[in-house]
$ cat final.txt   # compact mmCIF, C-alpha atoms
# COMPACT_ATOMS: atom_id res chain seq x y z
CA MET A 1 -0.83 22.49 18.81
CA GLN A 2 -1.84 22.06 15.18
CA GLU A 3 0.77 20.97 12.66
CA ALA A 4 0.61 24.15 10.58
CA GLN A 5 1.09 26.31 13.67
CA LEU A 6 3.95 24.16 14.90
CA ILE A 7 5.72 24.39 11.55
CA LYS A 8 5.19 28.14 11.38
CA LYS A 9 6.68 28.59 14.85
CA ILE A 10 9.71 26.42 14.05
CA LEU A 11 10.33 28.32 10.84
CA SER A 12 10.16 31.60 12.73
CA GLY A 13 12.95 30.30 15.01
CA ASP A 14 11.03 28.97 18.00
CA GLN A 15 13.36 26.34 19.45
CA GLU A 16 10.80 25.00 21.92
CA SER A 17 8.46 24.11 19.05
CA PHE A 18 11.20 22.09 17.39
CA ARG A 19 11.71 20.20 20.66
CA THR A 20 7.97 19.46 20.66
CA LEU A 21 8.22 18.14 17.11
CA VAL A 22 11.11 15.85 18.10
CA ASP A 23 9.29 14.61 21.20
CA GLU A 24 6.14 13.84 19.23
CA ASN A 25 7.90 11.97 16.44
CA LYS A 26 10.96 10.35 18.00
CA ASN A 27 9.23 7.00 18.63
CA LEU A 28 8.03 6.90 15.03
CA VAL A 29 11.53 7.60 13.72
CA ALA A 30 13.20 5.23 16.17
CA SER A 31 10.90 2.35 15.22
CA ILE A 32 11.47 2.83 11.48
CA VAL A 33 15.21 3.30 11.81
CA TYR A 34 15.78 0.35 14.12
CA ARG A 35 13.61 -2.02 12.10
CA ILE A 36 15.40 -1.10 8.86
CA VAL A 37 18.96 -0.75 10.11
CA LYS A 38 18.90 -3.49 12.78
CA ASN A 39 21.90 -1.93 14.45
CA TYR A 40 21.49 -0.44 17.90
CA ASP A 41 24.58 1.80 17.76
CA ASP A 42 23.96 3.28 14.31
CA SER A 43 20.24 3.75 14.94
CA GLN A 44 20.72 6.64 17.35
CA ASP A 45 23.01 8.50 14.96
CA LEU A 46 20.57 7.96 12.12
CA CYS A 47 17.64 9.19 14.23
CA GLN A 48 19.61 12.36 14.89
CA GLU A 49 20.44 12.70 11.19
CA VAL A 50 16.74 12.36 10.34
CA PHE A 51 15.70 15.19 12.67
CA LEU A 52 18.51 17.42 11.41
CA LYS A 53 17.21 16.88 7.87
CA VAL A 54 13.69 17.64 9.07
CA TYR A 55 14.90 20.89 10.62
CA GLN A 56 16.89 21.92 7.55
CA ASN A 57 14.14 21.07 5.06
CA LEU A 58 11.03 22.05 6.97
CA ALA A 59 10.58 25.15 4.82
CA SER A 60 10.18 22.90 1.77
CA PHE A 61 7.42 20.79 3.40
CA GLN A 62 4.30 21.58 1.36
CA GLN A 63 1.82 20.07 3.86
CA LYS A 64 0.25 17.81 1.23
CA SER A 65 0.63 14.90 3.65
CA LYS A 66 0.71 14.67 7.42
CA LEU A 67 3.91 15.94 9.01
CA SER A 68 4.51 12.49 10.55
CA THR A 69 4.26 10.88 7.09
CA TRP A 70 6.80 13.34 5.72
CA ILE A 71 9.14 12.68 8.64
CA ALA A 72 8.69 8.92 8.21
CA ARG A 73 9.60 9.27 4.54
CA ILE A 74 12.79 11.12 5.45
CA ALA A 75 13.61 8.41 7.99
CA TYR A 76 12.93 5.66 5.45
CA ASN A 77 15.10 7.30 2.76
CA THR A 78 17.89 8.11 5.23
CA CYS A 79 18.02 4.46 6.31
CA PHE A 80 18.08 3.19 2.74
CA ASN A 81 20.88 5.59 1.87
CA TYR A 82 22.76 4.29 4.91
CA LEU A 83 22.21 0.68 3.86
CA GLU A 84 23.23 1.51 0.32
CA ARG A 85 26.50 2.94 1.59
CA LYS A 86 27.10 0.04 3.94
CA ARG A 87 25.63 -3.04 2.34
CA PRO A 88 24.43 -2.46 -1.20
CA GLU A 89 23.69 -6.12 -1.75
CA ARG A 90 20.96 -6.13 0.89
CA LEU A 91 18.91 -3.60 -1.01
CA ASN A 92 18.68 -5.62 -4.15
CA GLU A 93 15.95 -7.71 -2.72
CA ASP A 94 12.92 -7.36 -4.93
CA SER A 95 13.64 -10.71 -6.48
CA SER A 96 15.14 -12.29 -3.39
CA ALA A 97 12.19 -11.28 -1.18
CA ASP A 98 9.90 -13.78 -2.84
CA ALA A 99 12.52 -16.45 -2.49
CA PHE A 100 12.92 -15.57 1.18
CA ILE A 101 9.26 -16.13 1.94
CA ALA A 102 9.20 -19.44 0.11
CA ASP A 103 12.61 -20.64 1.26
CA GLU A 104 12.32 -23.45 3.77
CA ASN A 105 15.91 -22.84 4.83
CA ASN A 106 14.89 -19.60 6.47
CA PHE A 107 13.08 -21.54 9.16
CA THR A 108 15.13 -21.84 12.30
CA SER A 109 15.96 -25.28 13.57
CA PRO A 110 13.84 -27.02 16.26
CA GLU A 111 16.66 -26.53 18.75
CA GLN A 112 16.67 -22.82 18.07
CA TYR A 113 12.92 -22.72 18.51
CA LEU A 114 13.14 -24.27 21.93
CA GLN A 115 15.76 -21.73 22.95
CA GLN A 116 13.40 -18.87 22.13
CA ASN A 117 11.59 -18.53 25.39
CA SER A 118 8.69 -16.34 24.38
CA THR A 119 6.41 -15.59 21.47
CA ALA A 120 7.39 -11.92 21.67
CA GLU A 121 11.07 -12.74 21.31
CA LEU A 122 10.37 -15.10 18.44
CA ILE A 123 8.36 -12.51 16.55
CA GLN A 124 10.86 -9.70 17.15
CA ARG A 125 13.69 -11.94 15.98
CA GLU A 126 11.84 -13.17 12.92
CA ILE A 127 10.87 -9.63 11.91
CA LEU A 128 14.55 -8.72 11.86
CA ASN A 129 15.26 -11.76 9.65
CA MET A 130 12.80 -10.59 7.01
CA PRO A 131 13.79 -8.55 3.94
CA VAL A 132 14.04 -4.87 4.77
CA LYS A 133 10.93 -3.72 2.89
CA TYR A 134 8.75 -6.34 4.60
CA ARG A 135 9.85 -5.35 8.08
CA ALA A 136 9.54 -1.64 7.31
CA ILE A 137 5.98 -2.08 6.01
CA LEU A 138 4.96 -4.27 8.96
CA THR A 139 6.30 -1.65 11.37
CA LEU A 140 4.62 1.25 9.62
CA TYR A 141 1.26 -0.52 9.45
CA HIS A 142 1.07 -2.14 12.87
CA PHE A 143 3.26 -0.10 15.20
CA ASN A 144 2.82 3.30 13.58
CA SER A 145 -0.82 2.70 12.56
CA MET A 146 -0.38 4.00 9.03
CA ASN A 147 -2.67 3.12 6.16
CA TYR A 148 -1.73 1.74 2.72
CA GLN A 149 -1.74 5.19 1.14
CA GLU A 150 0.62 6.64 3.73
CA ILE A 151 2.95 3.64 3.53
CA SER A 152 2.92 3.90 -0.24
CA HIS A 153 3.90 7.58 0.04
CA ILE A 154 6.71 6.78 2.46
CA THR A 155 8.17 3.77 0.67
CA GLY A 156 7.47 4.84 -2.90
CA LEU A 157 5.88 1.43 -3.56
CA PRO A 158 2.44 1.08 -5.18
CA GLU A 159 -0.41 0.45 -2.73
CA GLY A 160 -0.96 -3.02 -4.20
CA THR A 161 2.66 -3.96 -3.51
CA VAL A 162 2.41 -2.59 0.03
CA LYS A 163 -0.67 -4.71 0.66
CA SER A 164 0.85 -7.85 -0.81
CA HIS A 165 4.10 -7.41 1.18
CA LEU A 166 2.05 -6.89 4.33
CA PHE A 167 -0.09 -9.98 3.82
CA ARG A 168 2.79 -12.25 2.89
CA GLY A 169 4.94 -10.96 5.73
CA ARG A 170 2.21 -11.66 8.25
CA GLN A 171 1.55 -15.09 6.80
CA TYR A 172 5.24 -15.90 7.08
CA LEU A 173 5.31 -14.84 10.73
CA LYS A 174 2.09 -16.72 11.49
CA ASP A 175 3.60 -19.89 10.02
CA LYS A 176 6.62 -19.41 12.29
CA LEU A 177 4.33 -19.14 15.29
CA LEU A 178 2.48 -22.25 14.22
CA SER A 179 5.71 -24.19 13.82
CA GLN A 180 6.79 -23.15 17.31
CA TYR A 181 3.54 -24.31 18.88
CA ARG A 182 3.67 -27.63 17.07
CA LEU A 183 7.22 -28.16 18.33
CA GLU A 184 6.17 -27.33 21.87
CA GLU A 185 3.37 -29.90 21.63
CA ILE A 186 5.90 -32.57 20.59
CA MET B 1 -17.89 -20.76 2.88
CA ASN B 2 -18.50 -23.56 5.35
CA SER B 3 -17.30 -26.28 2.98
CA THR B 4 -13.77 -24.85 2.63
CA HIS B 5 -11.55 -23.08 5.11
CA LEU B 6 -11.03 -19.32 5.15
CA THR B 7 -8.07 -18.14 3.10
CA GLU B 8 -5.09 -16.37 4.64
CA ASN B 9 -6.21 -13.14 2.98
CA GLN B 10 -9.72 -13.43 4.37
CA LEU B 11 -8.39 -13.97 7.88
CA GLN B 12 -6.07 -10.98 7.65
CA GLU B 13 -8.66 -8.72 6.06
CA TYR B 14 -11.10 -9.66 8.81
CA LEU B 15 -8.59 -8.64 11.48
CA ASP B 16 -7.74 -5.46 9.53
CA HIS B 17 -11.46 -4.59 9.54
CA SER B 18 -11.21 -4.11 5.79
CA LEU B 19 -14.01 -6.52 4.78
CA SER B 20 -17.11 -4.77 3.57
CA ASN B 21 -19.20 -7.66 4.88
CA PRO B 22 -17.56 -9.59 7.74
CA ALA B 23 -20.66 -11.66 8.56
CA PRO B 24 -19.80 -14.70 6.36
CA VAL B 25 -16.34 -14.90 7.94
CA GLU B 26 -17.81 -14.64 11.43
CA ASN B 27 -20.33 -17.37 10.63
CA HIS B 28 -17.59 -19.63 9.34
CA LEU B 29 -15.41 -19.02 12.39
CA ALA B 30 -18.30 -19.95 14.66
CA LEU B 31 -18.48 -23.38 13.03
CA CYS B 32 -14.84 -24.16 12.12
CA PRO B 33 -12.28 -24.94 14.88
CA ALA B 34 -9.37 -25.07 12.38
CA CYS B 35 -10.02 -21.51 11.18
CA ARG B 36 -10.52 -20.38 14.79
CA GLU B 37 -7.05 -21.74 15.54
CA GLU B 38 -5.63 -19.91 12.54
CA ILE B 39 -7.23 -16.61 13.48
CA SER B 40 -6.09 -17.01 17.05
CA LEU B 41 -2.50 -17.25 15.78
CA TYR B 42 -3.01 -14.13 13.71
CA GLN B 43 -4.47 -12.31 16.71
CA GLN B 44 -1.37 -13.14 18.74
CA LEU B 45 0.80 -11.98 15.89
CA TYR B 46 -1.07 -8.69 15.56
CA ARG B 47 -0.59 -8.02 19.28
CA GLN B 48 3.15 -8.64 18.97
CA LEU B 49 3.45 -6.48 15.88
CA GLN B 50 1.93 -3.56 17.77
CA ALA B 51 4.61 -3.85 20.47
CA PRO B 52 7.45 -1.33 20.22
CA PRO B 53 10.76 -2.57 18.80
CA PRO B 54 13.42 -3.31 21.43
CA PHE B 55 15.17 0.00 20.87
CA ASN B 56 14.95 3.13 22.98
CA LEU B 57 16.48 6.49 22.36
CA PRO B 58 18.31 8.08 25.30
CA GLN B 59 16.32 10.32 27.65
CA ASP B 60 18.14 13.44 26.49
CA PHE B 61 17.73 12.68 22.78
CA THR B 62 15.48 15.68 22.15
CA HIS B 63 17.99 17.98 23.82
CA ILE B 64 20.91 16.51 21.83
CA VAL B 65 19.08 16.86 18.51
CA ALA B 66 17.86 20.38 19.23
CA GLU B 67 21.35 21.56 20.18
CA ALA B 68 22.84 19.97 17.05
CA ALA B 69 20.19 21.56 14.83
CA PHE B 70 20.55 25.04 16.31
CA SER B 71 24.35 25.03 16.28
CA ALA B 72 24.34 23.81 12.65
CA LYS B 73 22.03 26.69 11.77
CA LYS B 74 24.27 29.23 13.53
CA SER B 75 27.36 27.91 11.79
CA ALA B 76 25.61 27.92 8.40
CA PHE B 77 24.56 31.53 9.05
CA LYS B 78 28.15 32.54 9.84
CA THR B 79 29.40 30.74 6.73
CA ASN B 80 26.81 32.54 4.61
CA ILE B 81 27.75 35.93 6.00
CA LEU B 82 31.45 35.26 5.40
CA ASN B 83 30.78 34.00 1.89
CA MET B 84 28.63 36.96 1.06
CA LEU B 85 31.22 39.39 2.41
CA LEU B 86 33.94 37.65 0.45
CA ILE B 87 31.89 37.68 -2.74
CA THR B 88 30.98 41.33 -2.23
CA PHE B 89 34.64 42.17 -1.70
CA LEU B 90 35.70 40.23 -4.79
CA THR B 91 32.97 41.84 -6.89
CA ALA B 92 33.98 45.29 -5.69
CA ALA B 93 37.63 44.48 -6.39
CA ALA B 94 36.81 43.24 -9.88
CA ILE B 95 34.75 46.32 -10.67
CA ALA B 96 37.45 48.63 -9.25
CA PHE B 97 39.99 46.80 -11.37
CA ALA B 98 37.82 47.05 -14.47
CA ILE B 99 36.70 50.67 -14.15
CA PRO B 100 40.04 52.27 -15.24
CA TYR B 101 39.79 50.38 -18.50
CA PHE B 102 36.45 51.89 -19.43
CA ASN B 103 36.48 54.70 -21.91
CA PHE B 104 35.33 57.59 -19.78
CA GLN B 105 36.00 60.06 -22.50
CA SER B 106 32.55 59.47 -23.81
CA LEU B 107 30.94 60.18 -20.46
CA GLY B 108 32.09 63.70 -20.42
CA LYS B 109 35.08 65.05 -18.62
CA GLU B 110 33.18 67.15 -16.09
CA MET B 111 30.95 64.41 -14.92
CA VAL B 112 33.78 61.96 -14.43
CA ASP B 113 35.89 64.58 -12.72
CA SER B 114 33.13 65.41 -10.29
CA ILE B 115 32.22 61.83 -9.49
CA MET B 116 35.50 59.95 -9.64
CA PRO B 117 38.32 62.40 -10.16
CA GLN B 118 40.90 59.94 -8.90
CA ILE B 119 40.33 57.51 -11.72
CA ASN B 120 39.76 59.93 -14.53
CA LEU B 121 41.81 58.72 -17.43
CA ASN B 122 42.71 62.30 -18.28
CA SER B 123 44.25 62.75 -14.87
CA THR B 124 47.94 62.09 -15.15
CA ALA B 125 48.13 60.52 -11.69
CA VAL B 126 45.89 57.72 -12.71
CA THR B 127 46.68 57.32 -16.36
CA ASP B 128 50.31 56.88 -15.47
CA ASN B 129 49.39 53.94 -13.32
CA PHE B 130 46.58 52.41 -15.29
CA SER B 131 47.23 53.31 -18.88
CA VAL B 132 46.52 50.38 -21.16
CA SER B 133 46.89 50.28 -24.86
CA PRO B 134 43.63 49.97 -26.85
CA ASP B 135 44.78 46.63 -28.24
CA ALA B 136 45.41 45.16 -24.81
CA TRP B 137 42.08 46.46 -23.56
CA ALA B 138 40.27 44.90 -26.51
CA LYS B 139 42.04 41.61 -25.80
CA TYR B 140 41.23 41.35 -22.10
CA LYS B 141 38.02 43.30 -21.62
CA ILE B 142 35.80 40.33 -22.42
CA TRP B 143 37.40 38.30 -19.61
CA ILE B 144 37.09 41.15 -17.17
CA TYR B 145 33.42 41.57 -18.04
CA CYS B 146 32.89 37.83 -17.63
CA ALA B 147 34.63 37.71 -14.24
CA ALA B 148 32.67 40.69 -12.94
CA ALA B 149 29.42 39.24 -14.27
CA LEU B 150 30.14 35.82 -12.71
CA LEU B 151 30.92 37.28 -9.32
CA PHE B 152 27.89 39.50 -9.42
CA THR B 153 25.68 36.57 -10.42
CA LEU B 154 27.05 34.45 -7.58
CA LEU B 155 26.38 37.23 -5.14
CA LEU B 156 22.81 37.62 -6.31
CA GLU B 157 22.22 33.89 -6.43
CA ASN B 158 23.54 33.47 -2.92
CA ILE B 159 21.30 36.20 -1.61
CA LEU B 160 18.24 34.87 -3.43
CA ALA B 161 18.91 31.28 -2.35
CA GLY B 162 19.15 32.37 1.28
CA GLY B 163 22.71 31.10 1.49
CA LYS B 164 21.92 27.61 0.18
CA LEU B 165 24.50 28.02 -2.56
CA ALA B 166 27.18 28.61 0.03
CA ARG B 167 26.31 25.32 1.70
CA LYS B 168 25.97 23.28 -1.48
CA LYS B 169 28.78 24.73 -3.57
CA PRO B 170 31.20 26.41 -1.18
CA LEU B 171 34.06 26.07 -3.68
CA LEU B 172 32.06 27.89 -6.31
CA CYS B 173 31.44 30.68 -3.86
CA PHE B 174 35.13 30.98 -3.16
CA ILE B 175 36.15 31.31 -6.82

$ encode --input "final.txt" --output "structure tokens"
Amino acid sequence: MQEAQLIKKILSGDQESFRTLVDENKNLVASIVYRIVKNYDDSQDLCQEVFLKVYQNLASFQQKSKLSTWIARIAYNTCFNYLERKRPERLNEDSSADAFIADENNFTSPEQYLQQNSTAELIQREILNMPVKYRAILTLYHFNSMNYQEISHITGLPEGTVKSHLFRGRQYLKDKLLSQYRLEEI
Amino acid sequence: MNSTHLTENQLQEYLDHSLSNPAPVENHLALCPACREEISLYQQLYRQLQAPPPFNLPQDFTHIVAEAAFSAKKSAFKTNILNMLLITFLTAAAIAFAIPYFNFQSLGKEMVDSIMPQINLNSTAVTDNFSVSPDAWAKYKIWIYCAAALLFTLLLENILAGGKLARKKPLLCFI
């Protein structure tokens, strides 16, 4: 079903169409919410909150972007509002993000490396250690297959900033991988 | 490009398929084991980044969300109806309260008698109950007009906003 038709049906009160919308977008929302919030228990509540907002505000969706981009933007903003309420200090990271990437202390110890039994686990763990905007952008680009323009629309960051966060985030994770392999060789 | 290694940006752009001309990078990779090792790390990373996060919503998530959304809508609808009824009642009450203070003399006795005989100021039954001195009327009429106008505006606004006002400013609606 095309987006415009789906929206029209939901707005006319078709409950089944709303269920279709949720089914089609729940993985997108779950990935964004979990990667930003990092809390398993709160993530489900936030995912529900996101879809309730989508339902309540669907009439105001002007269809200038894809529906999934609009939903992702609601998810992103809902998570940041949640973080603001819970941990305001974590959001003030524009200056600290650069320091994070350059900070040697962020590298886990050799012992910790050896305890991480797979590359997948290492990457998932390191993503969660990154500043929130880095991990959100990495998730949107790689897992949700969004382009710079869409990510810029969702995050409100300029495309250049999105690209630079993406590149530096990946470089950081690649260096972590390299460190692990070097340790394994030793 | 063979004399120096590929930069981090070049490696990532190559894997993103965003290079307008990837041939020089491919040529360099064919000759440089160090850059091949680097790009192999990036390839592993890209594969991991495409993997879903370790978080799954419950099987009945769609059902839970749909139920919550529909029940919220029903409850908002009920609230709107109640608010609108209340506002209508208050508006009617305010107008009914204000009408006896109007000077119906100027409207013509017959017309007032035929339309609203029970509140005709010339009728003793009503004037006994509602008679107000001209001074008092002049003092309070502005407030009565304001209250009636406010209630009427709220009613209209609530109707035009499709009940949004009732959700956003319920206290205002219950003035």

$ atom_distance --input "final.txt" --atom1 "atom CA of Ile137 of chain A" --atom2 "atom CA of Ala72 of chain A"
11.5 Å

$ interface_residues --input "final.txt" --of "chain B" --to "chain A" --cutoff "12 Å" --atoms "only C-alpha atoms" --output "JSON list (two decimals) with C-alpha atoms, in the frame of the given file"
[["chain", "number", "residue", "atom", "x", "y", "z"],
["B", 7, "THR", "CA", -8.07, -18.14, 3.10],
["B", 8, "GLU", "CA", -5.09, -16.37, 4.64],
["B", 9, "ASN", "CA", -6.21, -13.14, 2.98],
["B", 10, "GLN", "CA", -9.72, -13.43, 4.37],
["B", 11, "LEU", "CA", -8.39, -13.97, 7.88],
["B", 12, "GLN", "CA", -6.07, -10.98, 7.65],
["B", 13, "GLU", "CA", -8.66, -8.72, 6.06],
["B", 15, "LEU", "CA", -8.59, -8.64, 11.48],
["B", 16, "ASP", "CA", -7.74, -5.46, 9.53],
["B", 18, "SER", "CA", -11.21, -4.11, 5.79],
["B", 37, "GLU", "CA", -7.05, -21.74, 15.54],
["B", 38, "GLU", "CA", -5.63, -19.91, 12.54],
["B", 39, "ILE", "CA", -7.23, -16.61, 13.48],
["B", 40, "SER", "CA", -6.09, -17.01, 17.05],
["B", 41, "LEU", "CA", -2.50, -17.25, 15.78],
["B", 42, "TYR", "CA", -3.01, -14.13, 13.71],
["B", 43, "GLN", "CA", -4.47, -12.31, 16.71],
["B", 44, "GLN", "CA", -1.37, -13.14, 18.74],
["B", 45, "LEU", "CA", 0.80, -11.98, 15.89],
["B", 46, "TYR", "CA", -1.07, -8.69, 15.56],
["B", 47, "ARG", "CA", -0.59, -8.02, 19.28],
["B", 48, "GLN", "CA", 3.15, -8.64, 18.97],
["B", 49, "LEU", "CA", 3.45, -6.48, 15.88],
["B", 50, "GLN", "CA", 1.93, -3.56, 17.77],
["B", 51, "ALA", "CA", 4.61, -3.85, 20.47],
["B", 52, "PRO", "CA", 7.45, -1.33, 20.22],
["B", 53, "PRO", "CA", 10.76, -2.57, 18.80],
["B", 54, "PRO", "CA", 13.42, -3.31, 21.43],
["B", 55, "PHE", "CA", 15.17, 0.00, 20.87],
["B", 56, "ASN", "CA", 14.95, 3.13, 22.98],
["B", 57, "LEU", "CA", 16.48, 6.49, 22.36],
["B", 58, "PRO", "CA", 18.31, 8.08, 25.30],
["B", 59, "GLN", "CA", 16.32, 10.32, 27.65],
["B", 60, "ASP", "CA", 18.14, 13.44, 26.49],
["B", 61, "PHE", "CA", 17.73, 12.68, 22.78],
["B", 62, "THR", "CA", 15.48, 15.68, 22.15],
["B", 63, "HIS", "CA", 17.99, 17.98, 23.82],
["B", 64, "ILE", "CA", 20.91, 16.51, 21.83],
["B", 65, "VAL", "CA", 19.08, 16.86, 18.51],
["B", 66, "ALA", "CA", 17.86, 20.38, 19.23],
["B", 67, "GLU", "CA", 21.35, 21.56, 20.18],
["B", 68, "ALA", "CA", 22.84, 19.97, 17.05],
["B", 69, "ALA", "CA", 20.19, 21.56, 14.83],
["B", 70, "PHE", "CA", 20.55, 25.04, 16.31],
["B", 71, "SER", "CA", 24.35, 25.03, 16.28],
["B", 72, "ALA", "CA", 24.34, 23.81, 12.65],
["B", 73, "LYS", "CA", 22.03, 26.69, 11.77],
["B", 74, "LYS", "CA", 24.27, 29.23, 13.53],
["B", 76, "ALA", "CA", 25.61, 27.92, 8.40],
["B", 162, "GLY", "CA", 19.15, 32.37, 1.28],
["B", 164, "LYS", "CA", 21.92, 27.61, 0.18],
["B", 167, "ARG", "CA", 26.31, 25.32, 1.70]]

$ atom_distance --input "final.txt" --atom1 "atom CA of Lys66 of chain A" --atom2 "atom CA of Gly169 of chain A"
26.0 Å

$ closest_residue --input "final.txt" --among "A:Lys8, A:Thr69, A:Lys64, A:Met130" --to "Met146 of chain A" --atoms "only C-alpha atoms"
A:Thr69

$ atom_distance --input "final.txt" --atom1 "atom CA of Lys133 of chain A" --atom2 "atom CA of Tyr148 of chain A"
13.8 Å

$ residues_near_point --input "final.txt" --point "(-11.7, -22.2, 6.3)" --cutoff "12 Å" --atoms "all atoms listed in the file" --output "list in words"
Met1, Asn2, Ser3, Thr4, His5, Leu6, Thr7, Glu8, Asn9, Gln10, Leu11, Pro24, Val25, Glu26, Asn27, His28, Leu29, Ala30, Leu31, Cys32, Pro33, Ala34, Cys35, Arg36, Glu37, Glu38 and Ile39 of chain B
